[in-house]
Amino acid sequence: MITEAVQERENYLNASYGIKSWLLTKDHKRIALLYLHTITFFFFLGGIFATLIRLELLTPKGDLVSADTYSKLFTLHGVIMIFFFLIPSIPATLGNFFLPMMIGAKDLAFPRINLLSWYLLVIGGCFGMYAMLAGGVDTGWTFYVPYSTNYSNTYVIATGLGVFIAGFSSILTGLNFIVTVHRMRAPGMTWFRLPLFVWSNYATALIQVLGTPVIAITLVLVICERTLHIGIFDPARGGDPILFQHLFWFYSHPAVYIMVLPGLGIISELVSVFSKKPIFGYKVVAFSSVAIAVLGFLVWGHHMFVSGQSVYAGLAFSFLSYFVAIPSAIKVFNWTATLHKGSISYATPMLYAFGFIGLFTVGGLTGLFVACLGVDVHVHDTYFVIAHFHYIMVGGTLMAYLGGLHYWWPKMSGRMYPEGWAKLSALIIYLGFNLTFFPQFILGYLGMPRRYWSYPDEFQVLHVMSTAGASVLAVGYLMPLIYFMWSLRYGAIAGPNPWGATGLEWQTSSPPPAHNFEETPIVTTDAYDYAALAAREEAKVG
Amino acid sequence: MDSHTETPELQEQFETPGQQKEVSTLGMWVFLVTEIMFFAGLFLAYTIYRREFAGVFALASNTLDVVIGAVNTAVLLCSSYTMVLAVRAAQIGSRKALILFLILTILLGGVFLGVKAYEWNQKFEEHHVPGPTFHLERTTQQGPAQLFFSLYFTMTGLHALHMVVGEGLMLFLLWQAYAGKYTPSYYTPVDVGGLYWHFVDIIWIFLFPLLYLIARHQH
């Protein structure tokens, strides 16, 4: 792929050749690239379903696809985007590549398990694709019983197995990260010298390890219910469908933080590097990641305010949900405090960081609306909720992912991406995103329910705006795909540290050698000590 | 499995053998945490339904054979003991004792699985398997009674599946021990395999009273 021009030195890309050297690699950097290709594929696949959804909603009548097909479209969009793109996205690609480098390690603690978790994602993806090609699945990504167990005639078992297997991929990544952060840090790399991206991935890993097994057993029970009719969720035998929702959301709410926490970590890195200041209140930001992970386990019932759970449970869950706002707000305030009097550069990754901070704030604040019992009764299962979580997942996670990808691209490939095109695409994505999803807040507030393929005429203007925004967004997403590939051959040589960043990953060559560092680094300074970096550079020159 | 031609002890991502051992052990502990959460979903369902249908659950529990359950508990506890002895044998470098105790562990695990299969078979004959032919005597609440047996089969079934994996693990350790791979300075796989074995054992220690002994004190 990459031409010989950058390849005088030995690095992880030219250390060995051939398909086997990739499919059997134990190098975390190569595995990260395997993941990068896989999730990019799933992202665009999920994007095709999103496109079809938006096209159907262009007109009030259900004219492009049938109601049944529409149900399959939004289900596949959700399943693919959540389980095969967002969950693995940042940890498995950027985390996999950079977490070991940022702590000065040669690799993750369990390289073979790391490769195994990629294969599990691919196998899980194959099950999902089989379900898709065989006829689809129409339960929604939430697999609610009794529809999924007793009534749906679609491929629930294959999809469930796919998600189950992909879940183990996520668990093993989390396990690997936890052990790596505990046991593989370089000499001098104390916990409070860890870059914040490492902290946020560590917090994410805790959720992956504690939460994912619960969705695994839940899916096992759904599959058993569907095949053997064991009755656990079947009211006819005394079983309780609400129990399914409790088990499902016990994982799936924390899963939101699996998706967004690594993004918060990236933004902390970007805000610091591109304002050339240590992050304001480092320890508080680090602990706020862990706080979000812990609080995330206490709020699942806010998805069930209208499900028939006890009103008192609803009150408690509503109350606890507000607490998530505290560590989230701490991060936003500390980023803005970091920007204050910083030497701010508006490079592409920073544009994404700015986009993230704005959109994440909107997504977070509307999260408070839906966490409020009374308001949620009004907006539950409407486009308001759709808009809210897309502001977090797409406006948050995806913006952070793209920001991180631009930021670390020079390190991964050894080449710079074209700055002008990148800035343009960041702008297009930001505008397209808001045009797509802001009208959905209004739609939902006016009463447009989710998962419907037709709607009353008065909603059309807002739906057309949303569809128009989606097509702008599609252009914005295709641009990086093209210019990143272009840059592999024609991009300017990046050099080891194009951003003047402090992280250990920038102290080795680009692309890094197979074992990351020529010799094990010894850490003597805090994570964002730009003065020490400048002194070191000066000493090198002098 | 690939035979390591280079130093078998230290994989290249580590600095020292000590670090490697710590990593393997911590990895297994974290894995066991995920296992606890995996079983926790079932324990939660059990707790909720037992509270809701206390009478039927007690009745259904009484149809399980306590003697068989107790024997199996004893068998499993003994296997944990032989596992500990195997780890000890590896520690002091006694290859013969290691092989002996691994074989004993495998045999005891096999006995447990055999007894379990016999028990399940009994349930089929007694029509205690959830489904159209299910029937539990002396109660009109056939639905909740089926719930008990659904939980019984899922929980013991998942446990048995973990036992089968454990047996596979033990066979692997036996093969490696036979080939003389383990020395007092490198026996981490035996150690880590032991952790897993004990965990599966502990799950059964919870399952036995929850499933077999619900109403024993009433008699």
# chains A, B, ... in the order shown; residues from 1 in each chain; ligands from 1
call {"tool": "interface_residues", "arguments": {"of": "chain B", "to": "chain A", "cutoff": "9 Å", "atoms": "only C-alpha atoms", "output": "PyMOL selection string"}}
result
chain B and resi 12-15+19-20+22-24+26-27+30-31+33-42+45+48-49+52-53+130-131+141-147+149-151+154
call {"tool": "select_by_dssp", "arguments": {"residues": "region 252-405 of chain A", "states": "helix (DSSP H, G or I)", "output": "ChimeraX atom specification"}}
result
/A:252-275,282-296,300-303,311-339,348-371,373-379,383-405
call {"tool": "residues_around", "arguments": {"residues": "Ala347 (chain A)", "least_positions_apart": "6", "cutoff": "12 Å", "atoms": "only C-alpha atoms", "output": "PyMOL selection string"}}
result
chain A and resi 270-271+273-275+353-354+403+406-407+416-424+426+498-499
call {"tool": "write_last_selection", "arguments": {"atoms": "C-alpha atoms", "output": "tab-separated table (two decimals), in the first residue's frame"}}
result
chain	number	residue	atom	x	y	z
A	270	LEU	CA	-6.44	17.41	21.27
A	271	VAL	CA	-7.40	20.40	23.44
A	273	VAL	CA	-1.86	19.75	22.20
A	274	PHE	CA	-3.52	22.40	20.07
A	275	SER	CA	-3.52	25.04	22.79
A	353	ALA	CA	-12.50	18.93	18.97
A	354	PHE	CA	-14.41	22.22	18.83
A	403	GLY	CA	-10.40	14.11	15.17
A	406	HIS	CA	-6.49	13.02	11.78
A	407	TYR	CA	-4.32	13.71	14.82
A	416	MET	CA	0.40	14.10	6.49
A	417	TYR	CA	-3.17	14.29	5.20
A	418	PRO	CA	-4.03	17.32	3.00
A	419	GLU	CA	-4.89	20.04	5.51
A	420	GLY	CA	-7.16	22.12	3.25
A	421	TRP	CA	-9.38	19.23	2.21
A	422	ALA	CA	-9.47	17.98	5.79
A	423	LYS	CA	-10.62	21.34	7.13
A	424	LEU	CA	-13.27	21.53	4.44
A	426	ALA	CA	-14.65	18.86	8.99
A	498	PRO	CA	4.45	17.12	13.61
A	499	TRP	CA	2.19	18.62	16.32
call {"tool": "residues_around", "arguments": {"residues": "region 501-504 of chain A", "least_positions_apart": "5", "cutoff": "10 Å", "atoms": "only C-alpha atoms", "output": "PDB file with C-alpha atoms, in the first residue's frame"}}
result
ATOM      1  CA  PHE A  98      -1.664   4.059  20.879  1.00  0.00           C
ATOM      2  CA  PRO A 100       0.651   0.629  24.540  1.00  0.00           C
ATOM      3  CA  MET A 101       2.766   3.374  22.944  1.00  0.00           C
ATOM      4  CA  MET A 102       1.472   6.055  25.296  1.00  0.00           C
ATOM      5  CA  ILE A 103       2.523   4.065  28.343  1.00  0.00           C
ATOM      6  CA  GLY A 104       5.866   3.115  26.800  1.00  0.00           C
ATOM      7  CA  ALA A 105       5.107  -0.590  26.282  1.00  0.00           C
ATOM      8  CA  LEU A 194      -0.822   8.652  32.178  1.00  0.00           C
ATOM      9  CA  PRO A 195      -2.187  10.597  29.214  1.00  0.00           C
ATOM     10  CA  GLU A 269      -5.463  15.110  24.135  1.00  0.00           C
ATOM     11  CA  LEU A 270      -6.444  17.415  21.275  1.00  0.00           C
ATOM     12  CA  SER A 272      -4.085  20.207  25.266  1.00  0.00           C
ATOM     13  CA  VAL A 273      -1.863  19.752  22.197  1.00  0.00           C
ATOM     14  CA  PHE A 274      -3.517  22.401  20.071  1.00  0.00           C
ATOM     15  CA  LYS A 276      -0.026  23.979  23.955  1.00  0.00           C
ATOM     16  CA  PRO A 278      -1.307  21.167  30.157  1.00  0.00           C
ATOM     17  CA  ASN A 516       7.471   0.847  19.182  1.00  0.00           C
ATOM     18  CA  PHE A 517      10.650   2.230  20.767  1.00  0.00           C
ATOM     19  CA  PRO A 521      11.493   5.040  27.482  1.00  0.00           C
ATOM     20  CA  ILE A 522      11.994   6.327  31.012  1.00  0.00           C
ATOM     21  CA  VAL A 523       9.364   8.851  32.064  1.00  0.00           C
ATOM     22  CA  THR A 525       7.668  14.377  33.589  1.00  0.00           C
ATOM     23  CA  ASP A 526       3.894  14.794  33.711  1.00  0.00           C
ATOM     24  CA  ALA A 527       1.718  13.959  30.715  1.00  0.00           C
ATOM     25  CA  TYR A 528       1.382  17.464  29.291  1.00  0.00           C
ATOM     26  CA  ASP A 529       4.656  19.122  30.263  1.00  0.00           C
ATOM     27  CA  TYR A 530       5.355  21.292  27.197  1.00  0.00           C
ATOM     28  CA  ALA A 531       8.179  23.176  28.947  1.00  0.00           C
ATOM     29  CA  ALA A 532      10.054  19.923  29.548  1.00  0.00           C
ATOM     30  CA  LEU A 533       9.474  18.898  25.925  1.00  0.00           C
ATOM     31  CA  ALA A 534      10.877  22.219  24.683  1.00  0.00           C
TER      32      ALA A 534
END
call {"tool": "atom_distance", "arguments": {"atom1": "CA of Tyr202 (chain A)", "atom2": "CA of Ile258 (chain A)"}}
result
10.3 Å
call {"tool": "atom_distance", "arguments": {"atom1": "CA of His380 (chain A)", "atom2": "CA of Leu295 (chain A)"}}
result
22.0 Å
call {"tool": "residues_around", "arguments": {"residues": "region 79-86 of chain B", "least_positions_apart": "6", "cutoff": "12 Å", "atoms": "only C-alpha atoms", "output": "ChimeraX atom specification"}}
result
/B:72-73,92-112,163,166-167,170,173-174,177,182,187,189-202,204-205
call {"tool": "atom_distance", "arguments": {"atom1": "CA of Ile344 (chain A)", "atom2": "CA of Gly500 (chain A)"}}
result
12.7 Å
call {"tool": "decode", "arguments": {"residues": "region 492-521 of chain A", "atoms": "N, CA and C atoms", "output": "CSV table (one decimal), in the first residue's frame"}}
result
chain,number,residue,atom,x,y,z
A,492,ALA,N,2.7,14.7,2.5
A,492,ALA,CA,4.1,15.1,2.9
A,492,ALA,C,4.6,14.2,4.0
A,493,ILE,N,5.9,14.0,4.1
A,493,ILE,CA,6.5,13.1,5.1
A,493,ILE,C,6.2,13.9,6.5
A,494,ALA,N,5.7,13.1,7.4
A,494,ALA,CA,5.3,13.7,8.7
A,494,ALA,C,6.4,14.0,9.6
A,495,GLY,N,7.4,13.2,9.8
A,495,GLY,CA,8.4,13.3,10.8
A,495,GLY,C,7.8,12.8,12.1
A,496,PRO,N,8.7,12.6,13.1
A,496,PRO,CA,8.2,12.0,14.3
A,496,PRO,C,7.2,12.8,15.1
A,497,ASN,N,7.2,14.1,15.1
A,497,ASN,CA,6.3,14.8,16.0
A,497,ASN,C,5.8,16.1,15.4
A,498,PRO,N,4.9,15.9,14.4
A,498,PRO,CA,4.5,17.1,13.6
A,498,PRO,C,3.7,18.1,14.4
A,499,TRP,N,3.1,17.7,15.6
A,499,TRP,CA,2.2,18.6,16.3
A,499,TRP,C,2.9,19.2,17.5
A,500,GLY,N,4.1,18.8,17.8
A,500,GLY,CA,4.8,19.3,19.0
A,500,GLY,C,4.1,18.7,20.3
A,501,ALA,N,3.7,17.5,20.2
A,501,ALA,CA,2.9,16.9,21.3
A,501,ALA,C,3.9,16.2,22.3
A,502,THR,N,3.4,16.0,23.5
A,502,THR,CA,4.3,15.5,24.6
A,502,THR,C,4.2,14.0,24.7
A,503,GLY,N,3.2,13.3,24.2
A,503,GLY,CA,3.0,11.9,24.4
A,503,GLY,C,4.2,11.1,24.0
A,504,LEU,N,4.4,9.9,24.7
A,504,LEU,CA,5.5,9.0,24.3
A,504,LEU,C,5.4,8.6,22.9
A,505,GLU,N,4.2,8.4,22.3
A,505,GLU,CA,4.0,7.9,21.0
A,505,GLU,C,4.7,8.9,20.0
A,506,TRP,N,4.9,10.1,20.3
A,506,TRP,CA,5.5,11.1,19.4
A,506,TRP,C,7.0,11.1,19.5
A,507,GLN,N,7.6,10.4,20.5
A,507,GLN,CA,9.0,10.4,20.7
A,507,GLN,C,9.7,9.3,19.9
A,508,THR,N,8.9,8.5,19.2
A,508,THR,CA,9.5,7.5,18.3
A,508,THR,C,9.2,7.9,16.9
A,509,SER,N,9.9,7.1,15.9
A,509,SER,CA,9.7,7.6,14.5
A,509,SER,C,8.3,7.3,14.0
A,510,SER,N,8.0,7.9,12.8
A,510,SER,CA,6.7,7.7,12.2
A,510,SER,C,7.0,7.1,10.8
A,511,PRO,N,6.3,6.0,10.5
A,511,PRO,CA,5.6,5.1,11.3
A,511,PRO,C,6.5,4.4,12.4
A,512,PRO,N,6.0,4.0,13.5
A,512,PRO,CA,6.8,3.5,14.6
A,512,PRO,C,7.5,2.1,14.2
A,513,PRO,N,8.6,1.8,14.8
A,513,PRO,CA,9.3,0.5,14.6
A,513,PRO,C,8.4,-0.6,15.1
A,514,ALA,N,8.7,-1.8,14.8
A,514,ALA,CA,7.8,-3.0,15.1
A,514,ALA,C,7.6,-3.0,16.7
A,515,HIS,N,8.7,-2.7,17.4
A,515,HIS,CA,8.6,-2.8,18.9
A,515,HIS,C,8.4,-1.4,19.5
A,516,ASN,N,7.9,-0.5,18.7
A,516,ASN,CA,7.5,0.8,19.2
A,516,ASN,C,8.6,1.8,19.5
A,517,PHE,N,9.6,1.3,20.3
A,517,PHE,CA,10.7,2.2,20.8
A,517,PHE,C,12.0,1.5,20.5
A,518,GLU,N,13.0,2.3,20.2
A,518,GLU,CA,14.4,1.8,20.1
A,518,GLU,C,14.8,1.2,21.4
A,519,GLU,N,14.5,1.9,22.5
A,519,GLU,CA,14.8,1.4,23.8
A,519,GLU,C,13.6,1.9,24.7
A,520,THR,N,13.4,1.1,25.8
A,520,THR,CA,12.3,1.4,26.7
A,520,THR,C,12.4,2.8,27.2
A,521,PRO,N,11.4,3.7,27.0
A,521,PRO,CA,11.5,5.0,27.5
A,521,PRO,C,11.4,5.1,29.0
